[in-house]
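Structure file protein.cif; described as mmCIF, C-alpha atoms.
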```cif
data_protein
#
loop_
_atom_site.label_atom_id
_atom_site.label_comp_id
_atom_site.auth_asym_id
_atom_site.auth_seq_id
_atom_site.Cartn_x
_atom_site.Cartn_y
_atom_site.Cartn_z
CA MET A 26 13.37 6.76 -50.71
CA PHE A 27 14.67 9.21 -48.07
CA GLN A 28 11.24 10.82 -47.87
CA LYS A 29 9.62 7.42 -47.28
CA ILE A 30 12.09 6.53 -44.51
CA LEU A 31 11.55 9.95 -42.89
CA SER A 32 7.79 9.47 -42.99
CA MET A 33 8.05 6.04 -41.39
CA PHE A 34 10.37 7.43 -38.70
CA LEU A 35 7.98 10.29 -37.89
CA LEU A 36 5.09 7.82 -37.73
CA LEU A 37 6.98 5.61 -35.26
CA VAL A 38 7.88 8.61 -33.11
CA THR A 39 4.25 9.77 -33.10
CA MET A 40 3.05 6.29 -32.16
CA SER A 41 5.65 6.11 -29.41
CA PHE A 42 4.53 9.42 -27.90
CA ALA A 43 0.90 8.38 -28.17
CA SER A 44 1.69 5.13 -26.39
CA GLN A 45 3.55 6.97 -23.63
CA ALA A 46 0.68 9.41 -23.17
CA LYS A 47 -1.66 6.50 -22.61
CA GLU A 48 0.35 5.08 -19.70
CA LEU A 49 -0.53 6.20 -16.20
CA VAL A 50 2.10 6.01 -13.48
CA VAL A 51 0.55 5.05 -10.14
CA TRP A 52 2.35 4.99 -6.80
CA SER A 53 0.41 2.99 -4.24
CA ALA A 54 0.73 2.08 -0.59
CA GLY A 55 1.26 -1.66 -0.12
CA ALA A 56 -1.94 -2.08 1.91
CA VAL A 57 -3.98 -1.43 -1.24
CA LYS A 58 -2.12 -3.92 -3.42
CA PRO A 59 -4.44 -6.96 -3.00
CA ALA A 60 -7.48 -5.03 -4.21
CA LEU A 61 -5.72 -2.94 -6.83
CA GLU A 62 -4.09 -5.94 -8.51
CA GLU A 63 -7.57 -7.34 -9.14
CA LEU A 64 -8.98 -4.02 -10.39
CA VAL A 65 -6.18 -2.85 -12.69
CA PRO A 66 -6.88 -5.26 -15.60
CA ALA A 67 -10.58 -4.29 -15.61
CA PHE A 68 -9.75 -0.59 -15.75
CA GLU A 69 -7.12 -1.04 -18.47
CA LYS A 70 -9.59 -2.95 -20.61
CA GLN A 71 -12.40 -0.48 -20.02
CA ALA A 72 -10.38 2.71 -20.48
CA GLY A 73 -7.79 1.53 -22.99
CA VAL A 74 -5.05 2.87 -20.73
CA ALA A 75 -1.98 1.04 -19.46
CA LEU A 76 -1.20 1.44 -15.76
CA LYS A 77 2.34 1.29 -14.40
CA VAL A 78 1.67 0.56 -10.73
CA ASP A 79 4.40 0.39 -8.12
CA TYR A 80 3.80 -0.55 -4.47
CA ALA A 81 5.78 0.54 -1.43
CA PRO A 82 5.21 1.76 2.12
CA VAL A 83 3.91 5.33 2.41
CA GLY A 84 7.19 6.55 3.92
CA VAL A 85 9.06 5.42 0.82
CA TRP A 86 6.72 7.36 -1.47
CA MET A 87 7.01 10.48 0.68
CA ARG A 88 10.78 10.40 0.23
CA ARG A 89 10.43 9.75 -3.51
CA LEU A 90 8.07 12.71 -3.82
CA ALA A 91 10.49 14.90 -1.88
CA ASP A 92 13.19 13.82 -4.36
CA GLY A 93 11.12 15.12 -7.25
CA GLY A 94 9.09 12.08 -8.31
CA GLN A 95 5.93 12.94 -10.25
CA PRO A 96 3.42 10.08 -10.61
CA ASP A 97 0.07 10.66 -12.26
CA VAL A 98 -1.89 9.08 -9.41
CA LEU A 99 -1.10 8.55 -5.74
CA ILE A 100 -2.78 6.09 -3.37
CA LEU A 101 -1.66 6.95 0.15
CA SER A 102 -2.89 7.06 3.73
CA ALA A 103 -5.22 9.94 4.57
CA ASP A 104 -2.93 11.19 7.32
CA VAL A 105 -0.36 12.44 4.78
CA VAL A 106 -2.82 14.24 2.48
CA ASN A 107 -2.28 17.70 3.98
CA ASP A 108 1.48 17.29 3.74
CA VAL A 109 1.36 16.04 0.15
CA GLU A 110 -0.97 18.83 -0.97
CA GLY A 111 0.86 21.50 1.03
CA LYS A 112 4.13 20.66 -0.70
CA GLY A 113 2.54 20.75 -4.13
CA TRP A 114 2.96 17.04 -4.84
CA ALA A 115 -0.74 16.48 -5.60
CA VAL A 116 -3.70 18.42 -6.91
CA THR A 117 -5.38 20.18 -3.98
CA SER A 118 -8.72 18.66 -2.87
CA SER A 119 -8.35 15.74 -5.30
CA ALA A 120 -8.20 13.05 -2.58
CA GLN A 121 -11.09 10.56 -2.50
CA PRO A 122 -11.37 7.80 0.15
CA LEU A 123 -11.13 4.15 -0.87
CA GLY A 124 -11.56 2.29 2.43
CA SER A 125 -10.16 1.76 5.90
CA VAL A 126 -8.17 -1.04 7.48
CA GLY A 127 -6.77 -1.89 10.90
CA VAL A 128 -3.58 -3.59 12.07
CA GLY A 129 -3.58 -7.31 12.87
CA VAL A 130 -1.43 -10.10 14.30
CA ALA A 131 -0.63 -13.28 12.37
CA VAL A 132 1.05 -16.65 12.90
CA LYS A 133 1.97 -19.58 10.66
CA GLN A 134 -1.05 -21.61 9.62
CA GLY A 135 -1.47 -24.70 11.77
CA THR A 136 0.26 -23.31 14.85
CA ALA A 137 -1.45 -22.41 18.13
CA MET A 138 -3.44 -19.18 18.07
CA PRO A 139 -2.19 -16.83 20.81
CA ASP A 140 -4.40 -14.44 22.76
CA VAL A 141 -4.26 -10.84 21.50
CA SER A 142 -7.74 -9.81 22.63
CA THR A 143 -6.68 -7.32 25.33
CA PRO A 144 -3.63 -5.11 25.86
CA GLU A 145 -2.52 -7.37 28.72
CA ALA A 146 -2.91 -10.53 26.66
CA LEU A 147 -1.09 -8.98 23.70
CA ARG A 148 1.75 -7.90 25.96
CA GLU A 149 2.19 -11.42 27.33
CA THR A 150 1.98 -12.95 23.85
CA LEU A 151 4.69 -10.61 22.55
CA LEU A 152 6.96 -11.30 25.51
CA ARG A 153 6.57 -15.09 25.12
CA ALA A 154 7.11 -15.09 21.34
CA LYS A 155 10.52 -16.30 20.20
CA SER A 156 10.59 -13.91 17.25
CA ILE A 157 8.56 -10.98 15.89
CA THR A 158 8.38 -9.03 12.64
CA TYR A 159 6.69 -5.80 11.63
CA MET A 160 7.29 -3.06 9.07
CA ASP A 161 10.18 -0.68 9.61
CA PRO A 162 8.61 2.35 11.40
CA GLN A 163 10.57 4.68 9.11
CA LYS A 164 8.86 3.23 6.05
CA GLY A 165 5.35 2.00 6.74
CA THR A 166 2.16 3.07 8.49
CA SER A 167 1.65 -0.17 10.42
CA GLY A 168 5.26 -0.27 11.59
CA LYS A 169 5.20 3.28 12.85
CA HIS A 170 2.03 2.56 14.78
CA PHE A 171 3.18 -0.77 16.20
CA ALA A 172 6.39 0.81 17.49
CA SER A 173 4.16 3.16 19.48
CA VAL A 174 2.12 0.16 20.72
CA LEU A 175 5.27 -1.48 22.06
CA ALA A 176 6.11 1.77 23.84
CA GLN A 177 2.63 1.96 25.34
CA LEU A 178 2.98 -1.62 26.57
CA GLY A 179 6.39 -0.80 28.00
CA ILE A 180 8.21 -3.62 26.22
CA THR A 181 10.17 -1.90 23.45
CA GLU A 182 13.54 -2.94 24.84
CA GLN A 183 12.39 -6.44 25.89
CA VAL A 184 11.44 -7.42 22.33
CA LYS A 185 14.11 -5.48 20.45
CA GLU A 186 16.63 -8.33 20.15
CA LYS A 187 14.07 -10.80 18.78
CA THR A 188 12.51 -8.40 16.28
CA LYS A 189 13.22 -8.30 12.56
CA LEU A 190 11.92 -5.21 10.81
CA GLY A 191 10.32 -5.60 7.40
CA ASP A 192 11.36 -3.49 4.43
CA VAL A 193 8.72 -3.58 1.68
CA GLY A 194 5.93 -5.90 0.61
CA TYR A 195 4.32 -8.52 2.80
CA VAL A 196 6.39 -8.74 5.98
CA LEU A 197 4.36 -11.82 6.96
CA GLU A 198 6.09 -14.07 4.40
CA PRO A 199 8.78 -15.30 6.85
CA VAL A 200 5.97 -16.05 9.32
CA ALA A 201 4.25 -18.18 6.68
CA ARG A 202 7.53 -20.06 6.15
CA GLY A 203 7.88 -20.70 9.88
CA GLU A 204 11.01 -18.55 10.20
CA ILE A 205 9.39 -15.99 12.52
CA GLU A 206 6.71 -16.71 15.11
CA LEU A 207 4.59 -13.53 15.15
CA GLY A 208 3.92 -10.93 12.48
CA ILE A 209 2.14 -7.60 12.70
CA GLN A 210 0.90 -5.72 9.66
CA GLN A 211 -2.24 -4.16 8.24
CA ILE A 212 -4.93 -6.79 7.82
CA THR A 213 -5.16 -6.33 4.04
CA GLU A 214 -1.48 -7.31 3.85
CA ILE A 215 -1.97 -10.38 6.05
CA LEU A 216 -4.90 -11.99 4.27
CA PRO A 217 -3.14 -12.57 0.89
CA VAL A 218 -0.13 -14.36 2.40
CA GLN A 219 -0.56 -18.09 1.93
CA GLY A 220 0.61 -20.05 4.94
CA ALA A 221 -0.07 -17.21 7.39
CA VAL A 222 -3.30 -16.83 9.32
CA LEU A 223 -4.81 -13.78 10.97
CA VAL A 224 -5.07 -14.25 14.74
CA GLY A 225 -7.05 -11.05 15.15
CA PRO A 226 -6.86 -7.28 15.13
CA LEU A 227 -4.97 -5.34 17.76
CA PRO A 228 -7.10 -4.60 20.85
CA ALA A 229 -9.39 -1.60 20.28
CA SER A 230 -7.48 0.69 22.65
CA LEU A 231 -4.24 -0.02 20.76
CA GLN A 232 -5.69 -0.13 17.26
CA LYS A 233 -5.00 2.26 14.40
CA VAL A 234 -7.51 2.30 11.58
CA THR A 235 -6.01 3.85 8.47
CA THR A 236 -8.04 5.29 5.62
CA TYR A 237 -6.49 5.17 2.17
CA VAL A 238 -7.21 7.74 -0.53
CA VAL A 239 -6.61 8.14 -4.24
CA MET A 240 -5.16 11.49 -5.32
CA LEU A 241 -4.16 13.14 -8.57
CA GLY A 242 -0.45 13.80 -8.84
CA ALA A 243 0.62 17.41 -9.36
CA LYS A 244 1.48 16.83 -13.01
CA ALA A 245 -1.83 15.09 -13.74
CA GLY A 246 -3.90 18.28 -13.66
CA ASP A 247 -7.04 17.57 -15.65
CA ASN A 248 -5.61 14.39 -17.22
CA LYS A 249 -8.77 12.57 -18.26
CA ASP A 250 -7.22 9.14 -17.75
CA ALA A 251 -6.13 9.95 -14.19
CA LEU A 252 -9.61 11.31 -13.48
CA ALA A 253 -11.14 8.17 -15.00
CA LEU A 254 -9.06 5.94 -12.72
CA ARG A 255 -10.12 7.91 -9.66
CA ARG A 256 -13.78 7.56 -10.70
CA PHE A 257 -13.33 3.84 -11.41
CA LEU A 258 -11.97 3.24 -7.91
CA GLN A 259 -15.21 4.71 -6.52
CA THR A 260 -17.54 2.40 -8.48
CA PRO A 261 -19.61 -0.34 -6.78
CA GLN A 262 -17.37 -2.94 -8.48
CA ALA A 263 -14.26 -1.41 -6.90
CA VAL A 264 -15.90 -0.87 -3.50
CA GLN A 265 -16.90 -4.55 -3.41
CA MET A 266 -13.35 -5.63 -4.25
CA PHE A 267 -11.87 -3.47 -1.50
CA LYS A 268 -14.35 -4.98 0.93
CA LEU A 269 -13.49 -8.51 -0.24
CA LYS A 270 -9.79 -7.84 0.39
CA GLY A 271 -10.31 -6.71 3.97
CA PHE A 272 -11.17 -3.02 3.77
CA SER A 273 -14.11 -1.39 5.52
CA PRO A 274 -15.79 0.61 2.74
CA MET A 275 -16.28 4.34 3.12
#
```
Mind turning the file's structure into structure tokens?
Amino acid sequence: MFQKILSMFLLLVTMSFASQAKELVVWSAGAVKPALEELVPAFEKQAGVALKVDYAPVGVWMRRLADGGQPDVLILSADVVNDVEGKGWAVTSSAQPLGSVGVGVAVKQGTAMPDVSTPEALRETLLRAKSITYMDPQKGTSGKHFASVLAQLGITEQVKEKTKLGDVGYVLEPVARGEIELGIQQITEILPVQGAVLVGPLPASLQKVTTYVVMLGAKAGDNKDALALRRFLQTPQAVQMFKLKGFSPM
């Protein structure tokens, strides 16, 4: 009887380890979420691998990596690749581009569409707005860039009191609810928010186009499932989905 119980226990432990080995941990920038949420089920079905995907601004992941976090796959902005590889957080030269996206301005659906077509027009629109939101510059790519835009326009102090910084996720949600008048975020994070509408991209001279890449985490090594996910995100099916969700394909 004891032998039978021991055998069953060992079988359960083996199955548990096998199940764990088949789960990939993915840390992804929030800008990629709309496309990745659509692609994950297809990959899981095709590869027989469960993905544990978490989304957060790039700055959050950089701090988590510095604290010792070890995901199997990273999806981050290209401008941090050298830093991530240099610190040994990802496999060197494993980064592959997924697509590029710019920063846009949004308002609540049904409200008047302000002019953001030129730096001068954007400046006036921001000064007239009763309230503004964008990602915390310490956490997200779009927030860091937009803080520099405000500085270039010379209105950082003028808009400070009416600005609410976003933390994680879609910072446009309070705009969609009518709680905040203007929202600024990457276009791929504006389009999915029901009740918010894209006014337009930032003027070309103030724009930042960010390329996102998929990388193998340092612990992934030659993990065939991590490699398979990277390949899958380069397929025509995936490229089309990224395009559909607002990315310019590479």
Quiz item: Could you tell me, as a VMD selection string, which residues have any atom at most 12 Å from (-1.4, -15.8, 7.7), counting all atoms listed in the file?
Solution: chain A and resid 129 to 136 138 195 to 203 205 to 225
Practice problem: Choose the residue, out of A:Gln71, A:Ser156, A:Thr166, A:Ser273, that has the smallest atom-to-atom separation from Asp250 of chain A; count all atoms listed in the file. | Solution: A:Gln71
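Put simply, the PyMOL selection byres ((chain A and resi 78) around 9) in this file takes in Leu49, Val50, Val51, Trp52, Ser53, Glu62, Val65, Leu76, Lys77, Asp79 and Tyr80 of chain A.
By only C-alpha atoms, and with residues fewer than 3 positions from segment 88-92 of chain A along its chain excluded, the set lying at most 9 Å from it is Val83, Gly84, Val85, Gln95, Pro96, Val109, Lys112 and Trp114 of chain A.
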Practice problem: For atom CA of Thr260 of chain A and atom CA of Pro226 of chain A, quote the distance in Å rounded to one decimal. | Solution: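 Interatomic distance, atom CA of Thr260 of chain A to atom CA of Pro226 of chain A: 27.7 Å.
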Exercise. Do a neighbour search on segment 236-246 of chain A at 6 Å with all atoms listed in the file, toss out local chain neighbours closer than 3 positions, and write the hits as a list in words.
Key: Pro96, Asp97, Val98, Leu99, Ile100, Leu101, Ser102, Ala103, Trp114, Ala115, Val116, Ser119, Ala120, Gln121, Pro122, Leu123, Gly124 and Ser125 of chain A
Residue selection dump (C-alpha atoms) as a tab-separated table (two decimals), in the coordinates of the input:
```tsv
chain	number	residue	atom	x	y	z
A	96	PRO	CA	3.42	10.08	-10.61
A	97	ASP	CA	0.07	10.66	-12.26
A	98	VAL	CA	-1.89	9.08	-9.41
A	99	LEU	CA	-1.10	8.55	-5.74
A	100	ILE	CA	-2.78	6.09	-3.37
A	101	LEU	CA	-1.66	6.95	0.15
A	102	SER	CA	-2.89	7.06	3.73
A	103	ALA	CA	-5.22	9.94	4.57
A	114	TRP	CA	2.96	17.04	-4.84
A	115	ALA	CA	-0.74	16.48	-5.60
A	116	VAL	CA	-3.70	18.42	-6.91
A	119	SER	CA	-8.35	15.74	-5.30
A	120	ALA	CA	-8.20	13.05	-2.58
A	121	GLN	CA	-11.09	10.56	-2.50
A	122	PRO	CA	-11.37	7.80	0.15
A	123	LEU	CA	-11.13	4.15	-0.87
A	124	GLY	CA	-11.56	2.29	2.43
A	125	SER	CA	-10.16	1.76	5.90
```
Quiz item: Closest to Gly73 of chain A among A:Ile180, A:Leu227, A:Leu254, A:Leu190, using only C-alpha atoms?
Solution: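 Distance minimum relative to Gly73 of chain A lands on A:Leu254.
Atom CA of Ala146 of chain A is positioned 15.9 Å from atom CA of Gln183 of chain A.
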